[in-house]
file model_34.cif (mmCIF, C-alpha atoms and all ligand atoms; chains and numbers go by the auth columns)
data_target
#
loop_
_atom_site.group_PDB
_atom_site.id
_atom_site.type_symbol
_atom_site.label_atom_id
_atom_site.label_comp_id
_atom_site.label_asym_id
_atom_site.label_seq_id
_atom_site.Cartn_x
_atom_site.Cartn_y
_atom_site.Cartn_z
_atom_site.B_iso_or_equiv
_atom_site.auth_seq_id
_atom_site.auth_asym_id
ATOM 1 C CA MET A 1 17.588 -44.540 -35.412 0.00 669 A
ATOM 2 C CA GLU A 2 20.605 -43.444 -37.336 0.00 670 A
ATOM 3 C CA MET A 3 20.866 -39.694 -37.726 0.00 671 A
ATOM 4 C CA LEU A 4 23.299 -38.449 -40.320 0.00 672 A
ATOM 5 C CA LYS A 5 24.407 -34.854 -39.989 0.00 673 A
ATOM 6 C CA GLY A 6 23.174 -32.477 -42.644 0.00 674 A
ATOM 7 C CA GLN A 7 20.508 -34.716 -44.092 0.00 675 A
ATOM 8 C CA ASP A 8 17.509 -33.795 -42.016 0.00 676 A
ATOM 9 C CA ASN A 9 16.122 -31.644 -44.805 0.00 677 A
ATOM 10 C CA PHE A 10 15.535 -34.678 -46.938 0.00 678 A
ATOM 11 C CA SER A 11 12.387 -35.851 -45.249 0.00 679 A
ATOM 12 C CA VAL A 12 10.318 -33.779 -47.691 0.00 680 A
ATOM 13 C CA VAL A 13 11.296 -33.679 -51.364 0.00 681 A
ATOM 14 C CA ASN A 14 9.061 -31.947 -53.911 0.00 682 A
ATOM 15 C CA GLY A 15 6.274 -31.834 -51.364 0.00 683 A
ATOM 16 C CA ALA A 16 6.238 -35.596 -50.909 0.00 684 A
ATOM 17 C CA LYS A 17 7.489 -37.368 -47.852 0.00 685 A
ATOM 18 C CA ILE A 18 10.124 -39.960 -48.551 0.00 686 A
ATOM 19 C CA VAL A 19 11.098 -42.923 -46.447 0.00 687 A
ATOM 20 C CA ARG A 20 14.103 -42.180 -44.264 0.00 688 A
ATOM 21 C CA SER A 21 16.024 -45.185 -45.584 0.00 689 A
ATOM 22 C CA LEU A 22 15.608 -43.915 -49.152 0.00 690 A
ATOM 23 C CA ARG A 23 17.401 -40.653 -48.595 0.00 691 A
ATOM 24 C CA ILE A 24 18.831 -38.919 -51.606 0.00 692 A
ATOM 25 C CA LYS A 25 21.357 -36.247 -52.388 0.00 693 A
ATOM 26 C CA ARG A 26 22.076 -34.325 -55.554 0.00 694 A
ATOM 27 C CA CYS A 27 25.089 -34.458 -57.796 0.00 695 A
ATOM 28 C CA PRO A 28 26.944 -31.096 -57.736 0.00 696 A
ATOM 29 C CA ASP A 29 27.715 -31.396 -61.451 0.00 697 A
ATOM 30 C CA CYS A 30 24.558 -32.617 -63.164 0.00 698 A
ATOM 31 C CA TYR A 31 21.993 -32.078 -60.352 0.00 699 A
ATOM 32 C CA THR A 32 20.625 -35.607 -60.622 0.00 700 A
ATOM 33 C CA ASN A 33 19.063 -37.134 -57.552 0.00 701 A
ATOM 34 C CA ILE A 34 21.236 -40.021 -56.409 0.00 702 A
ATOM 35 C CA PRO A 35 21.204 -42.379 -53.403 0.00 703 A
ATOM 36 C CA VAL A 36 22.839 -40.905 -50.333 0.00 704 A
ATOM 37 C CA HIS A 37 25.410 -43.700 -50.048 0.00 705 A
ATOM 38 C CA ALA A 38 26.675 -43.310 -53.623 0.00 706 A
ATOM 39 C CA THR A 39 30.289 -42.239 -54.123 0.00 707 A
ATOM 40 C CA LYS A 40 29.996 -41.893 -57.885 0.00 708 A
ATOM 41 C CA CYS A 41 27.258 -40.223 -59.866 0.00 709 A
ATOM 42 C CA PRO A 42 25.447 -42.813 -62.017 0.00 710 A
ATOM 43 C CA SER A 43 24.544 -40.132 -64.534 0.00 711 A
ATOM 44 C CA CYS A 44 27.752 -38.180 -65.190 0.00 712 A
ATOM 45 C CA LYS A 45 30.252 -40.658 -63.623 0.00 713 A
ATOM 46 C CA GLN A 46 31.746 -37.875 -61.502 0.00 714 A
ATOM 47 C CA LYS A 47 33.311 -38.903 -58.207 0.00 715 A
ATOM 48 C CA ILE A 48 31.553 -37.420 -55.209 0.00 716 A
ATOM 49 C CA LYS A 49 31.874 -37.614 -51.463 0.00 717 A
ATOM 50 C CA LEU A 50 29.500 -39.316 -49.076 0.00 718 A
ATOM 51 C CA LYS A 51 28.967 -36.034 -47.262 0.00 719 A
ATOM 52 C CA VAL A 52 26.070 -33.778 -48.133 0.00 720 A
ATOM 53 C CA ASP A 53 26.099 -30.022 -47.683 0.00 721 A
ATOM 54 C CA LYS A 54 23.229 -28.018 -46.211 0.00 722 A
ATOM 55 C CA HIS A 55 21.695 -27.463 -49.641 0.00 723 A
ATOM 56 C CA GLY A 56 21.435 -31.182 -50.298 0.00 724 A
ATOM 57 C CA TYR A 57 24.288 -31.462 -52.763 0.00 725 A
ATOM 58 C CA ALA A 58 27.003 -34.052 -52.470 0.00 726 A
ATOM 59 C CA LYS A 59 30.435 -32.646 -51.793 0.00 727 A
ATOM 60 C CA ARG A 60 33.144 -32.922 -54.400 0.00 728 A
ATOM 61 C CA PRO A 61 36.419 -34.566 -53.514 0.00 729 A
ATOM 62 C CA ILE A 62 39.399 -32.211 -53.442 0.00 730 A
ATOM 63 C CA ASN A 63 40.957 -31.955 -56.873 0.00 731 A
ATOM 64 C CA TRP A 64 44.639 -32.221 -55.939 0.00 732 A
ATOM 65 C CA PHE A 65 45.727 -32.231 -59.577 0.00 733 A
ATOM 66 C CA ALA A 66 44.125 -28.834 -60.086 0.00 734 A
ATOM 67 C CA TYR A 67 45.873 -27.380 -57.018 0.00 735 A
ATOM 68 C CA PHE A 68 49.157 -28.911 -58.113 0.00 736 A
ATOM 69 C CA SER A 69 48.953 -27.645 -61.698 0.00 737 A
ATOM 70 C CA CYS A 70 47.992 -24.179 -60.429 0.00 738 A
ATOM 71 C CA PHE A 71 51.040 -24.170 -58.152 0.00 739 A
ATOM 72 C CA ILE A 72 53.327 -25.318 -60.970 0.00 740 A
ATOM 73 C CA SER A 73 51.929 -22.637 -63.283 0.00 741 A
ATOM 74 C CA TRP A 74 52.593 -19.860 -60.761 0.00 742 A
ATOM 75 C CA LEU A 75 56.034 -21.258 -60.059 0.00 743 A
ATOM 76 C CA GLY A 76 56.796 -21.246 -63.767 0.00 744 A
ATOM 77 C CA LEU A 77 55.660 -17.627 -64.089 0.00 745 A
ATOM 78 C CA VAL A 78 57.767 -16.520 -61.120 0.00 746 A
ATOM 79 C CA ILE A 79 60.824 -18.340 -62.462 0.00 747 A
ATOM 80 C CA TYR A 80 60.273 -16.790 -65.886 0.00 748 A
ATOM 81 C CA ILE A 81 60.028 -13.240 -64.444 0.00 749 A
ATOM 82 C CA TRP A 82 63.169 -13.847 -62.412 0.00 750 A
ATOM 83 C CA TRP A 83 64.953 -15.227 -65.497 0.00 751 A
ATOM 84 C CA ALA A 84 63.766 -12.419 -67.806 0.00 752 A
ATOM 85 C CA PHE A 85 64.210 -9.373 -65.560 0.00 753 A
ATOM 86 C CA PHE A 86 66.291 -10.112 -62.504 0.00 754 A
ATOM 87 C CA LYS A 87 68.898 -12.561 -63.628 0.00 755 A
ATOM 88 C CA GLU A 88 72.369 -11.011 -63.735 0.00 756 A
HETATM 89 ZN ZN ZN B . 26.289 -36.206 -61.839 0.00 801 B
#
call {"tool": "encode", "arguments": {"input": "model_34.cif", "output": "C-alpha cells", "more": "lines below"}}
Ligand SMILES: [Zn+2]
result
Amino acid sequence: MEMLKGQDNFSVVNGAKIVRSLRIKRCPDCYTNIPVHATKCPSCKQKIKLKVDKHGYAKRPINWFAYFSCFISWLGLVIYIWWAFFKE
C-alpha cells in the first residue's frame, strides 16, 4: 500500500472514515477540501503544491516574484539613502 508522508491524519475527516484512495487536502487560501493530487485549487484557482503539511493544508509554491520585488524595493531604498546623504 502506498504511504504518503504527512497524510496519515486523513483517515478520519469530520468523524467519518474516508477511503484511503479518496484522500483530501485543504487549500491554504480558501480552505476548500480538494483532492490530494490536485496542483490547482478548483475553487479559487490558486496554484498549490502536491505536498501537504501536518495540519492538512496544501503547501503554497514559493512566490519568487514577491521575494524579487522585496529585494528590489530594499535595493532602491539603500541606493536612495546613499544618493541623498552619502554621495559626495
Ligand atoms: Zn482555494
call {"tool": "resolve_selection", "arguments": {"input": "model_34.cif", "expression": "the PyMOL selection byres (((chain A and resi 700) around 12) and not hetatm)", "output": "list in words"}}
result
Ile692, Lys693, Arg694, Cys695, Pro696, Asp697, Cys698, Tyr699, Asn701, Ile702, Pro703, Val704, Lys708, Cys709, Pro710, Ser711, Cys712, Lys713, Gln714, Gly724, Tyr725 and Ala726 of chain A
call {"tool": "residues_around", "arguments": {"input": "model_34.cif", "residues": "region 729-741 of chain A", "least_positions_apart": "6", "cutoff": "12 Å", "atoms": "only C-alpha atoms", "output": "MDAnalysis selection string"}}
result
chainID A and resid 696 707:708 714:720 747:748
call {"tool": "atom_distance", "arguments": {"input": "model_34.cif", "atom1": "CA of His705 (chain A)", "atom2": "CA of Arg728 (chain A)"}}
result
14.0 Å
call {"tool": "closest_residue", "arguments": {"input": "model_34.cif", "among": "A:Lys727, A:Lys755, A:Arg691, A:Lys722", "to": "ligand ZN 801 (chain B)", "atoms": "all atoms listed in the file"}}
result
A:Lys727
